[in-house]
>>> print(open('final_28.cif').read())   # mmCIF, C-alpha atoms
data_structure
#
loop_
_atom_site.label_atom_id
_atom_site.label_comp_id
_atom_site.auth_asym_id
_atom_site.auth_seq_id
_atom_site.Cartn_x
_atom_site.Cartn_y
_atom_site.Cartn_z
CA MET O 402 99.96 121.77 41.72
CA ASN O 403 103.42 123.09 40.80
CA ILE O 404 105.40 121.66 37.92
CA GLU O 405 108.06 120.11 40.21
CA THR O 406 105.48 118.00 42.03
CA ALA O 407 103.87 117.03 38.72
CA ASN O 408 107.25 115.90 37.40
CA ARG O 409 107.79 113.82 40.53
CA LEU O 410 104.44 112.10 40.02
CA LEU O 411 105.46 111.29 36.45
CA GLN O 412 108.84 110.00 37.61
CA TYR O 413 107.33 107.81 40.35
CA ARG O 414 104.84 106.30 37.88
CA LYS O 415 107.58 105.43 35.40
CA GLU O 416 109.80 103.98 38.15
CA ASN O 417 106.91 101.66 39.07
CA ASN O 418 106.38 100.66 35.40
CA LEU O 419 102.77 101.80 35.39
CA SER O 420 100.89 103.31 32.47
CA GLN O 421 98.43 106.12 33.05
CA GLU O 422 95.56 103.70 32.45
CA GLU O 423 96.90 101.21 35.02
CA LEU O 424 97.49 103.88 37.63
CA ALA O 425 94.04 105.33 37.06
CA GLU O 426 92.49 101.89 37.53
CA LYS O 427 94.35 101.35 40.81
CA ILE O 428 93.19 104.72 42.18
CA GLY O 429 89.69 104.68 40.71
CA VAL O 430 89.92 107.78 38.52
CA SER O 431 90.04 108.43 34.78
CA ARG O 432 93.24 108.35 32.72
CA GLN O 433 92.62 112.00 31.84
CA ALA O 434 92.78 112.91 35.54
CA VAL O 435 96.19 111.26 35.90
CA SER O 436 97.39 113.04 32.76
CA LYS O 437 96.30 116.43 34.16
CA TRP O 438 98.12 115.77 37.45
CA GLU O 439 101.35 115.01 35.61
CA ARG O 440 101.00 118.16 33.46
CA ALA O 441 100.29 120.33 36.54
CA GLU O 442 96.85 121.22 35.13
CA ALA O 443 95.04 119.81 38.19
CA SER O 444 95.81 118.54 41.69
CA PRO O 445 94.68 115.22 43.22
CA ASP O 446 92.55 115.48 46.36
CA THR O 447 93.77 114.31 49.76
CA ASP O 448 92.48 110.76 49.39
CA ASN O 449 94.13 110.36 46.00
CA LEU O 450 97.41 111.81 47.31
CA ILE O 451 97.42 109.23 50.10
CA ARG O 452 96.66 106.46 47.62
CA LEU O 453 99.45 107.64 45.29
CA ALA O 454 101.94 107.63 48.18
CA GLU O 455 100.92 104.06 49.10
CA ILE O 456 101.29 102.84 45.51
CA TYR O 457 104.70 104.49 45.07
CA GLY O 458 105.93 103.45 48.51
CA VAL O 459 106.90 106.95 49.63
CA SER O 460 105.68 109.40 52.26
CA LEU O 461 103.38 112.30 51.41
CA ASP O 462 106.13 114.80 52.27
CA GLU O 463 108.62 113.07 50.00
CA MET O 464 106.12 112.91 47.16
CA LEU O 465 105.08 116.57 47.45
CA THR O 466 108.41 118.17 48.36
CA GLY O 467 110.96 115.66 47.17
CA LYS O 468 112.61 115.61 50.61
CA LYS O 469 112.62 112.59 52.85
CA ALA O 470 111.26 113.16 56.33
CA GLU O 471 113.94 113.30 59.03
CA ALA O 472 113.38 111.80 62.45
CA THR O 473 113.19 114.57 65.08
CA GLU O 474 112.00 112.66 68.09
CA GLU O 475 114.60 111.27 70.45
CA ALA O 476 114.49 107.59 71.14
CA PRO O 477 112.96 106.84 74.57
CA GLU O 478 115.26 105.50 77.23
CA SER O 479 115.24 101.72 77.37
CA ASP O 480 113.46 100.06 80.24
CA SER O 481 115.53 97.33 81.83
CA SER O 482 112.31 95.40 82.54
CA GLU O 483 111.52 95.08 78.82
CA PRO O 484 112.83 92.04 76.93
CA GLU O 485 115.88 92.50 74.74
CA GLN O 486 115.07 93.27 71.10
CA GLU O 487 115.56 90.41 68.69
CA TYR O 488 116.92 92.61 65.87
CA ALA O 489 119.35 95.50 66.02
CA GLU O 490 118.08 98.94 65.09
CA PRO O 491 119.38 100.49 61.81
CA ASP O 492 122.64 102.36 62.31
CA GLU O 493 122.21 106.06 61.56
CA ASN O 494 125.88 106.25 60.52
CA THR O 495 125.41 103.56 57.87
CA THR O 496 124.20 104.33 54.36
CA TYR O 497 121.34 102.06 53.32
CA LYS O 498 120.11 101.49 49.79
CA ARG O 499 116.57 100.42 48.98
CA TYR O 500 116.28 97.13 47.08
CA ASP O 501 113.36 94.76 46.64
CA LYS O 502 110.08 95.55 48.35
CA VAL O 503 107.99 92.85 50.03
CA SER O 504 104.60 93.57 51.59
CA PHE O 505 101.87 91.36 53.04
CA LYS O 506 99.25 94.13 53.28
CA HIS O 507 96.00 92.95 51.65
CA GLY O 508 97.81 90.00 50.03
CA ILE O 509 101.36 89.22 48.93
CA HIS O 510 103.27 91.91 47.03
CA VAL O 511 106.85 91.61 45.75
CA ASP O 512 108.53 94.40 43.76
CA SER O 513 112.13 93.90 42.65
CA LYS O 514 114.56 96.75 42.09
CA ASP O 515 114.86 95.57 38.47
CA GLY O 516 111.21 96.36 37.76
CA ASP O 517 109.70 92.88 37.99
CA SER O 518 106.75 92.49 40.34
CA VAL O 519 104.30 89.88 41.63
CA HIS O 520 101.05 90.82 43.37
CA ILE O 521 98.64 88.25 44.81
CA SER O 522 95.37 89.08 46.57
CA PHE O 523 91.84 87.75 46.86
CA LYS O 524 90.47 90.96 45.32
CA ASP O 525 92.77 91.37 42.31
CA GLY O 526 93.97 87.79 41.78
CA VAL O 527 97.52 87.09 40.58
CA ASN O 528 99.38 89.80 38.67
CA VAL O 529 102.91 89.28 37.32
CA ARG O 530 104.76 92.11 35.56
CA GLN O 531 108.21 92.03 33.96
CA LYS O 532 110.44 95.05 33.49
CA ASP O 533 110.09 94.82 29.69
CA GLY O 534 106.35 95.46 30.01
CA ASP O 535 105.08 91.89 29.66
CA ARG O 536 102.16 91.19 31.98
CA VAL O 537 100.18 88.18 33.17
CA HIS O 538 96.90 88.43 35.07
CA VAL O 539 94.95 85.52 36.54
CA GLY O 540 91.76 86.43 38.39
CA MET O 541 88.00 86.19 38.56
CA ASP O 542 87.79 87.75 35.10
CA GLY O 543 89.96 85.03 33.57
CA ILE O 544 93.50 84.92 32.18
CA HIS O 545 95.22 87.75 30.30
CA VAL O 546 98.76 87.72 28.92
CA ASP O 547 100.25 90.85 27.32
CA GLU O 548 103.57 90.59 25.46
CA LYS O 549 105.38 93.57 23.95
CA GLY O 550 102.27 95.73 24.21
CA LYS O 551 99.99 93.21 22.52
CA ASN O 552 97.39 90.94 24.08
CA ARG O 553 98.50 87.36 23.39
CA VAL O 554 96.19 85.30 25.61
CA TYR O 555 92.81 86.14 27.14
CA THR O 556 89.63 84.50 28.40
CA ASP O 557 86.47 85.42 26.48
CA GLU O 558 82.99 85.92 27.95
CA ASN O 559 82.23 82.21 27.56
CA GLY O 560 85.30 81.12 29.51
CA HIS O 561 87.31 79.98 26.46
CA VAL O 562 91.05 80.67 26.56
CA MET O 563 91.99 82.47 23.34
CA VAL O 564 95.63 82.34 22.13
CA ASP O 565 97.22 84.45 19.38
CA GLU O 566 97.89 82.06 16.47
CA ASN O 567 100.65 84.30 15.09
CA LEU O 568 102.97 83.58 17.99
CA ASN O 569 106.13 81.73 17.09
CA LYS O 570 105.47 78.32 18.63
CA GLU O 571 109.00 77.69 19.89
CA HIS O 572 109.35 81.22 21.28
CA HIS O 573 105.92 81.10 22.89
CA SER O 574 106.63 77.68 24.39
CA SER O 575 109.87 78.86 26.01
CA ARG O 576 108.26 82.02 27.37
CA ALA O 577 105.25 80.06 28.59
CA HIS O 578 107.54 77.55 30.29
CA LYS O 579 109.42 80.39 31.98
CA PHE O 580 106.18 82.00 33.12
CA PHE O 581 104.70 78.84 34.61
CA LYS O 582 108.02 78.06 36.33
CA MET O 583 108.20 81.60 37.75
CA PHE O 584 104.55 81.60 38.75
CA PRO O 585 104.40 81.74 42.59
CA PHE O 586 102.31 78.61 43.01
CA TRP O 587 103.74 78.25 46.53
CA ALA O 588 101.79 81.39 47.45
CA VAL O 589 98.58 79.89 46.06
CA SER O 590 99.20 76.75 48.15
CA LEU O 591 99.87 78.88 51.23
CA ILE O 592 96.62 80.82 50.76
CA ALA O 593 94.70 77.57 50.23
CA PHE O 594 96.31 76.09 53.36
CA LEU O 595 95.30 79.09 55.49
CA ALA O 596 91.79 79.35 54.01
CA TRP O 597 91.18 75.63 54.52
CA GLY O 598 92.56 75.64 58.03
CA PHE O 599 90.61 78.67 59.23
CA SER O 600 87.42 77.40 57.62
CA ASN O 601 87.68 74.27 59.81
CA GLU O 602 86.03 72.27 57.01
CA CYS O 603 87.07 68.70 56.05
CA TYR O 604 89.31 68.19 59.11
CA GLY O 605 90.60 71.79 59.00
CA TRP O 606 94.24 72.18 60.04
CA GLY O 607 94.58 68.42 60.41
CA LEU O 608 94.43 67.97 56.62
CA SER O 609 94.96 71.41 55.09
CA TRP O 610 98.76 70.89 55.09
CA ILE O 611 98.24 68.57 52.12
CA CYS O 612 98.04 71.77 50.02
CA PHE O 613 101.83 71.97 50.22
CA LEU O 614 102.14 68.65 48.39
CA ALA O 615 100.62 70.43 45.41
CA ILE O 616 103.78 72.57 45.05
CA PRO O 617 106.14 69.83 43.75
CA ILE O 618 103.23 68.35 41.79
CA TYR O 619 102.66 71.67 39.99
CA TYR O 620 106.28 72.49 39.11
CA SER O 621 107.14 68.94 38.06
CA LEU O 622 104.01 68.86 35.87
CA VAL O 623 105.15 72.07 34.15
CA ASP O 624 108.53 70.48 33.37
CA ALA O 625 106.90 67.26 32.20
CA VAL O 626 104.59 69.10 29.80
CA PHE O 627 107.10 71.52 28.27
CA LYS O 628 109.98 69.04 28.15
CA ARG O 629 107.66 66.33 26.84
CA ASN O 630 108.99 63.87 29.38
CA ALA O 631 106.46 62.31 31.75
CA SER O 632 109.23 61.00 34.03
CA HIS O 633 109.82 64.57 35.22
CA PHE O 634 106.42 64.52 36.90
CA ALA O 635 106.51 63.91 40.69
CA TYR O 636 104.12 61.00 40.46
CA PRO O 637 105.04 59.51 43.89
CA VAL O 638 104.04 62.80 45.56
CA LEU O 639 100.68 62.67 43.80
CA VAL O 640 100.22 59.06 44.94
CA ALA O 641 101.03 60.04 48.54
CA ALA O 642 98.47 62.84 48.41
CA VAL O 643 95.81 60.54 46.99
CA TYR O 644 96.58 57.90 49.65
CA ILE O 645 96.15 60.48 52.41
CA LEU O 646 92.81 61.58 50.97
CA PHE O 647 91.70 57.94 50.67
CA GLY O 648 92.53 57.43 54.34
CA TYR O 649 90.84 60.56 55.69
CA PHE O 650 87.67 60.15 53.66
CA ASN O 651 87.60 56.32 53.77
CA ILE O 652 87.68 55.95 49.99
CA CYS O 653 88.47 52.54 48.44
CA GLY O 654 88.87 50.91 51.85
CA GLY O 655 90.63 53.86 53.49
CA TRP O 656 93.98 53.36 55.23
CA PRO O 657 94.03 49.53 55.25
CA PHE O 658 93.63 49.12 51.49
CA GLY O 659 94.56 52.52 50.07
CA TRP O 660 98.28 51.64 50.13
CA VAL O 661 97.70 49.53 47.01
CA ILE O 662 97.90 52.73 44.98
CA PHE O 663 101.66 52.86 45.69
CA LEU O 664 102.03 49.79 43.46
CA THR O 665 101.26 52.05 40.50
CA VAL O 666 104.52 54.02 41.01
CA PRO O 667 106.88 51.49 39.38
CA ILE O 668 104.24 50.85 36.69
CA TYR O 669 104.10 54.56 35.90
CA TYR O 670 107.87 54.89 35.46
CA TRP O 671 108.00 51.68 33.43
CA ILE O 672 105.43 53.16 31.05
CA CYS O 673 107.48 56.41 30.88
CA SER O 674 110.67 54.53 30.01
CA PHE O 675 108.82 52.38 27.47
CA PHE O 676 107.44 55.37 25.52
CA LYS O 677 110.77 57.18 25.78
CA GLY O 678 112.49 54.14 24.27
CA GLU O 679 109.90 54.05 21.50
CA GLU O 680 110.55 57.71 20.65
CA GLU O 681 114.31 57.22 20.52
CA HIS O 682 113.82 54.16 18.33
CA ASN O 683 111.60 56.08 15.92
CA GLU O 684 114.13 58.90 15.69
#
>>> encode(input="final_28.cif", output="structure tokens")
Amino acid sequence: MNIETANRLLQYRKENNLSQEELAEKIGVSRQAVSKWERAEASPDTDNLIRLAEIYGVSLDEMLTGKKAEATEEAPESDSSEPEQEYAEPDENTTYKRYDKVSFKHGIHVDSKDGDSVHISFKDGVNVRQKDGDRVHVGMDGIHVDEKGKNRVYTDENGHVMVDENLNKEHHSSRAHKFFKMFPFWAVSLIAFLAWGFSNECYGWGLSWICFLAIPIYYSLVDAVFKRNASHFAYPVLVAAVYILFGYFNICGGWPFGWVIFLTVPIYYWICSFFKGEEEHNE
């Protein structure tokens, strides 16, 4: 491999905010192999070249030569019998600039032009990366949070969540609040909705839509916890979800008697206001 191609591989890796270890893990090779490619001491085989092009979002020609492929084939003449296209084709006389990248291949993948990225898949779980290098991973192997190059939170072999005690509590709380608010829980609800519907279990599509009620429940719960104010929690949405489940599964009398749970809504907010008044009084 020539030095120009090796330099391009190094540039692409840095533009995608990947370390040599992370890139090696994605491809399935050793870190030393990636290092040799970027120093022009070795060349990746065809399969690895294709994988590198997919990860970097470029064509093989562009990655190897640095030149973007030009379209040489003429567009076929339109057939009047074909339906009119819904979207206009890109104008060749217009200059386009690449911004955020969104892909639904093997999951949900969002890469912003600023360097932030979110990747969600059944195989790799949820991976959130910020341009400053902070990372969050939630998957079958547990939870891992890296901040400024140091592991702050992880799940040990017994399933316990371990948190760095040296973190500044206020700083950690604000960052944790930001993370949980930015976490794409809507995507988790969407995946659960599709999985439930296609499985055709427990009423299938007829009930799987209830997964979307979990979205306001999740985000309002995050605010309630970090702002220490239970009134921020979307309790009526939770009650509606519980009532629907009572009706479908005939729990506590089903539809005819399950509505009683709605009487707890004003009680809940009365309790919230009571404790809030107590706190203000104590202050």
>>> resolve_selection(input="final_28.cif", expression="the PyMOL selection byres ((chain O and resi 465) around 9)", output="ChimeraX atom specification")
/O:405-407,409-410,460-464,466-468
>>> atom_distance(input="final_28.cif", atom1="CA of Asp624 (chain O)", atom2="CA of Trp671 (chain O)")
18.8 Å
>>> atom_distance(input="final_28.cif", atom1="CA of Lys677 (chain O)", atom2="CA of Ile618 (chain O)")
20.9 Å
>>> resolve_selection(input="final_28.cif", expression="the PyMOL selection byres ((chain O and resi 543) around 10)", output="number ranges by chain")
O: 526, 538-542, 544-545, 555-558, 560-562
>>> resolve_selection(input="final_28.cif", expression="the PyMOL selection byres ((chain O and resi 593) around 12)", output="list in words")
Phe523, Phe586, Trp587, Ala588, Val589, Ser590, Leu591, Ile592, Phe594, Leu595, Ala596, Trp597, Gly598, Phe599, Ser600, Gly605, Trp606, Leu608, Ser609, Trp610, Ile611, Cys612, Phe613, Leu614, Ala615 and Ile616 of chain O
>>> residues_around(input="final_28.cif", residues="region 416-426 of chain O", least_positions_apart="5", cutoff="8 Å", atoms="all atoms listed in the file", output="ChimeraX atom specification")
/O:431-432,434-436,457,516,532,534
>>> write_last_selection(input="final_28.cif", atoms="C-alpha atoms", output="mmCIF file, keeping the file's coordinate frame")
data_model
loop_
_atom_site.group_PDB
_atom_site.id
_atom_site.type_symbol
_atom_site.label_atom_id
_atom_site.label_comp_id
_atom_site.auth_asym_id
_atom_site.auth_seq_id
_atom_site.Cartn_x
_atom_site.Cartn_y
_atom_site.Cartn_z
ATOM 1 C CA SER O 431 90.040 108.430 34.780
ATOM 2 C CA ARG O 432 93.240 108.350 32.720
ATOM 3 C CA ALA O 434 92.780 112.910 35.540
ATOM 4 C CA VAL O 435 96.190 111.260 35.900
ATOM 5 C CA SER O 436 97.390 113.040 32.760
ATOM 6 C CA TYR O 457 104.700 104.490 45.070
ATOM 7 C CA GLY O 516 111.210 96.360 37.760
ATOM 8 C CA LYS O 532 110.440 95.050 33.490
ATOM 9 C CA GLY O 534 106.350 95.460 30.010
#
